[in-house]
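*Asks:* Below is the structure I would like to discuss, written out as C-alpha cells.
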Amino acid sequence: MARHKKTWSEKLSDAKDLPKTMVIPAPLEVDAFMRQVPEGKVATISEIQKALARKHRVTVACPLTTGIFAWIAANASVEAGHGDATPYWRTLKTGGEINAKYPGGAKEAARHLRAEGHKIVKKGARYFVANYEKALASLP
C-alpha cells in the first residue's frame with residue numbers, strides 16, 4: 001500500500017499533542033546526572049533528558065541545552081583536573097555513539113571506556129560502545 005505523503009498544509013495543522021511542558025535544565029543539573037553514572041555503566045543524552053524531565057515533572061527536557069551543557073561539563077571537568085572529575089566519557093550520544101566533541105575527541109573517550117571494560121566498535125570515523133543498552137545506568 002502506498003504511503004500518503006503529507007502536504008505542507010497537513011503538516012502545519014498537525015499539532016502532535018502540543019503544547020507539552022519542557023524544562024531547560026541548568027548546567028549543574030546535567031553535570032549532576034553525568035556524575036551519577038558509575039564506572040562500567042553508560043548513559044545517553046536521551047536518558048539524561050528523560051531523568052531531567054522526571055525530576056521536574058514535565059514531558060521533556062530540552063535536547064539542545066542538555067547536549068550543550070554535557071559538553072560544558074566535560075570541558076569544565078578537564079579544566080578542573082582529575083580530583084573531582086565528571087566522568088563525561090560515560091555519557092554517549094543517542095544510539096551509543098561516543099561524542100567526538102568531548103575533550104580529547106572520541107579516541108580519548110574510547111580509551112576511558114575500554115579501561116572500564118566496554119567494547120568499542122569503529123564505524124567509519126565514528127566510535128560506538130558495543131551493546132551499550134546492556135550497560136545503561138539507572139538514573140533517578
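Ordered as shown in the C-alpha cells, chains take letters A, B, and onward, while each chain numbers its residues from 1 and ligands are numbered from 1 in the order shown.
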Go through chain A and collect every residue that DSSP, computed from the backbone, puts in helix (DSSP H, G or I); the answer should be as a ChimeraX atom specification.
*Replies:* /A:8-13,27-35,45-56,63-80,88-90,105-115,132-135
*Asks:* Please provide as JSON, numbers by chain all residues within 12 Å of Lys107 in chain A, with the sequence filter that same-chain residues fewer than 5 positions apart are discarded (counting only C-alpha atoms).
*Replies:* {"A": [89, 97, 98, 99, 100, 101, 102, 112, 113, 114, 120, 121, 122, 125, 126, 127, 128, 129]}
*Asks:* How about saving the chosen residues, N, CA and C atoms kept, as a PDB file, in the first residue's frame?
*Replies:*
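As written to disk, part11.pdb reads:
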```
ATOM      1  N   TRP A  89      33.009  10.762  29.669  1.00  0.00           N
ATOM      2  CA  TRP A  89      33.118   9.720  28.646  1.00  0.00           C
ATOM      3  C   TRP A  89      32.027   8.678  28.769  1.00  0.00           C
ATOM      4  N   GLU A  97      26.720   6.192  20.421  1.00  0.00           N
ATOM      5  CA  GLU A  97      27.897   6.806  19.802  1.00  0.00           C
ATOM      6  C   GLU A  97      28.677   7.630  20.826  1.00  0.00           C
ATOM      7  N   ILE A  98      29.997   7.513  20.744  1.00  0.00           N
ATOM      8  CA  ILE A  98      30.871   8.300  21.601  1.00  0.00           C
ATOM      9  C   ILE A  98      30.930   9.717  21.040  1.00  0.00           C
ATOM     10  N   ASN A  99      30.815  10.691  21.912  1.00  0.00           N
ATOM     11  CA  ASN A  99      30.775  12.085  21.485  1.00  0.00           C
ATOM     12  C   ASN A  99      32.176  12.574  21.115  1.00  0.00           C
ATOM     13  N   ALA A 100      32.388  12.832  19.846  1.00  0.00           N
ATOM     14  CA  ALA A 100      33.690  13.284  19.342  1.00  0.00           C
ATOM     15  C   ALA A 100      34.010  14.716  19.759  1.00  0.00           C
ATOM     16  N   LYS A 101      33.021  15.448  20.269  1.00  0.00           N
ATOM     17  CA  LYS A 101      33.250  16.836  20.675  1.00  0.00           C
ATOM     18  C   LYS A 101      33.730  16.951  22.112  1.00  0.00           C
ATOM     19  N   TYR A 102      33.771  15.839  22.826  1.00  0.00           N
ATOM     20  CA  TYR A 102      34.295  15.874  24.186  1.00  0.00           C
ATOM     21  C   TYR A 102      35.802  16.085  24.151  1.00  0.00           C
ATOM     22  N   HIS A 112      39.072   5.678  27.784  1.00  0.00           N
ATOM     23  CA  HIS A 112      38.486   5.587  29.138  1.00  0.00           C
ATOM     24  C   HIS A 112      37.471   4.443  29.211  1.00  0.00           C
ATOM     25  N   LEU A 113      36.610   4.354  28.209  1.00  0.00           N
ATOM     26  CA  LEU A 113      35.556   3.330  28.215  1.00  0.00           C
ATOM     27  C   LEU A 113      36.144   1.921  28.127  1.00  0.00           C
ATOM     28  N   ARG A 114      37.173   1.732  27.308  1.00  0.00           N
ATOM     29  CA  ARG A 114      37.846   0.419  27.242  1.00  0.00           C
ATOM     30  C   ARG A 114      38.418   0.059  28.604  1.00  0.00           C
ATOM     31  N   ILE A 120      34.578  -1.282  22.220  1.00  0.00           N
ATOM     32  CA  ILE A 120      34.358  -0.139  21.331  1.00  0.00           C
ATOM     33  C   ILE A 120      34.410  -0.620  19.891  1.00  0.00           C
ATOM     34  N   VAL A 121      33.458  -0.143  19.096  1.00  0.00           N
ATOM     35  CA  VAL A 121      33.369  -0.505  17.686  1.00  0.00           C
ATOM     36  C   VAL A 121      33.523   0.767  16.870  1.00  0.00           C
ATOM     37  N   LYS A 122      34.395   0.709  15.857  1.00  0.00           N
ATOM     38  CA  LYS A 122      34.583   1.859  14.971  1.00  0.00           C
ATOM     39  C   LYS A 122      33.785   1.619  13.700  1.00  0.00           C
ATOM     40  N   ALA A 125      34.380   6.917  10.644  1.00  0.00           N
ATOM     41  CA  ALA A 125      35.142   7.800  11.525  1.00  0.00           C
ATOM     42  C   ALA A 125      34.531   7.883  12.923  1.00  0.00           C
ATOM     43  N   ARG A 126      33.430   7.179  13.152  1.00  0.00           N
ATOM     44  CA  ARG A 126      32.706   7.261  14.425  1.00  0.00           C
ATOM     45  C   ARG A 126      32.972   6.042  15.292  1.00  0.00           C
ATOM     46  N   TYR A 127      32.882   6.241  16.609  1.00  0.00           N
ATOM     47  CA  TYR A 127      33.096   5.179  17.589  1.00  0.00           C
ATOM     48  C   TYR A 127      31.808   4.961  18.378  1.00  0.00           C
ATOM     49  N   PHE A 128      31.518   3.698  18.669  1.00  0.00           N
ATOM     50  CA  PHE A 128      30.315   3.311  19.404  1.00  0.00           C
ATOM     51  C   PHE A 128      30.677   2.337  20.513  1.00  0.00           C
ATOM     52  N   VAL A 129      29.890   2.349  21.593  1.00  0.00           N
ATOM     53  CA  VAL A 129      30.012   1.334  22.631  1.00  0.00           C
ATOM     54  C   VAL A 129      29.135   0.170  22.202  1.00  0.00           C
TER      55      VAL A 129
END
```
*Asks:* Which residues are close to range 70-77 of chain A, i.e. within 9 Å by only C-alpha atoms, leaving aside same-chain residues fewer than 3 positions away? Reply as a ChimeraX atom specification.
*Replies:* /A:27-28,30-31,34,45,65-67,80-82,84-89,91,99,101-103
*Asks:* Atoms to include: C-alpha atoms. Write the selected residues as an mmCIF file, in the first residue's frame.
*Replies:*
```cif
data_model
loop_
_atom_site.group_PDB
_atom_site.id
_atom_site.type_symbol
_atom_site.label_atom_id
_atom_site.label_comp_id
_atom_site.auth_asym_id
_atom_site.auth_seq_id
_atom_site.Cartn_x
_atom_site.Cartn_y
_atom_site.Cartn_z
ATOM 1 C CA PRO A 27 24.268 23.213 33.520
ATOM 2 C CA LEU A 28 24.954 21.893 37.034
ATOM 3 C CA VAL A 30 23.202 17.997 33.683
ATOM 4 C CA ASP A 31 26.607 17.633 35.334
ATOM 5 C CA MET A 34 26.529 12.713 34.435
ATOM 6 C CA ILE A 45 21.956 12.163 26.397
ATOM 7 C CA THR A 65 20.629 22.674 26.057
ATOM 8 C CA THR A 66 21.108 19.234 27.612
ATOM 9 C CA GLY A 67 23.700 18.404 24.945
ATOM 10 C CA ALA A 80 39.440 21.369 36.902
ATOM 11 C CA GLY A 81 41.777 18.370 36.790
ATOM 12 C CA HIS A 82 41.332 14.821 37.974
ATOM 13 C CA ASP A 84 36.770 15.986 41.148
ATOM 14 C CA ALA A 85 36.301 14.887 37.546
ATOM 15 C CA THR A 86 32.938 14.344 35.901
ATOM 16 C CA PRO A 87 33.172 11.016 34.022
ATOM 17 C CA TYR A 88 31.947 12.634 30.806
ATOM 18 C CA TRP A 89 33.118 9.720 28.646
ATOM 19 C CA THR A 91 27.690 9.968 28.556
ATOM 20 C CA ASN A 99 30.775 12.085 21.485
ATOM 21 C CA LYS A 101 33.250 16.836 20.675
ATOM 22 C CA TYR A 102 34.295 15.874 24.186
ATOM 23 C CA PRO A 103 37.827 16.805 25.279
#
```
*Asks:* Just want the 8 Å neighbourhood of Ser46 in chain A, counted on only C-alpha atoms, with same-chain residues fewer than 3 positions away dropped. Output as a PyMOL selection string.
*Replies:* chain A and resi 49-50+63+93-94
*Asks:* Would you write out those residues with N, CA and C atoms, as a tab-separated table (two decimals), in the first residue's frame?
*Replies:*
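Okay, selection-v6.tsv is ready:
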```tsv
chain	number	residue	atom	x	y	z
A	49	GLN	N	18.09	13.35	29.50
A	49	GLN	CA	16.91	14.20	29.25
A	49	GLN	C	15.68	13.63	29.95
A	50	LYS	N	15.47	12.32	29.84
A	50	LYS	CA	14.30	11.69	30.49
A	50	LYS	C	14.37	11.86	31.99
A	63	PRO	N	16.53	19.07	24.39
A	63	PRO	CA	17.67	18.30	23.91
A	63	PRO	C	18.88	19.17	23.57
A	93	LYS	N	26.14	9.74	22.98
A	93	LYS	CA	25.09	10.28	22.13
A	93	LYS	C	24.03	9.19	21.96
A	94	THR	N	22.88	9.55	21.48
A	94	THR	CA	21.82	8.58	21.24
A	94	THR	C	22.34	7.52	20.28
```
*Asks:* List as a ChimeraX atom specification the protein and nucleic acid residues near Ala53 in chain A, meaning an atom at most 10 Å away when only C-alpha atoms are counted, but skip any in the same chain fewer than 5 places from it.
*Replies:* /A:21-25,47-48,58-62
*Asks:* How many Å separate CA of Val78 in chain A from CA of Arg54 in chain A?
*Replies:*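 Computed distance, CA of Val78 in chain A to CA of Arg54 in chain A, equals 28.8 Å.
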*Asks:* If I take CA of Lys55 in chain A and CA of Pro38 in chain A, how far is one from the other in Å, to one decimal?
*Replies:* 19.4 Å
*Asks:* Tell me which of A:Asn131, A:His56, A:Arg90, A:Ala15 sits closest to Arg111 in chain A, counting only C-alpha atoms.
*Replies:* A:Arg90
*Asks:* When distances are computed from only C-alpha atoms, which of A:Phe33, A:Val42, A:Ala51, A:Ala26 shows the smallest separation from Ala109 in chain A?
*Replies:*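 Under the stated criterion, the closest residue is A:Val42.
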*Asks:* Tell me, in Å to one decimal, how far CA of Ala135 in chain A is from CA of Lys123 in chain A.
*Replies:*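 We find that CA of Ala135 in chain A and CA of Lys123 in chain A lie 19.7 Å from each other.
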*Asks:* Rank A:His4, A:Gly96, A:Glu79, A:Gly117 by their smallest atom-to-atom distance to Ala130 in chain A, using only C-alpha atoms, and report the top residue only.
*Replies:*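 Of A:His4, A:Gly96, A:Glu79, A:Gly117, the one nearest Ala130 in chain A, counting only C-alpha atoms, is A:Gly96.
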*Asks:* Nearest to Tyr132 in chain A among A:Leu52, A:Ala32, A:Leu92, A:Leu64, with distances taken over only C-alpha atoms: which residue is it?
*Replies:*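 Among the listed residues, A:Leu92 lies closest to Tyr132 in chain A.
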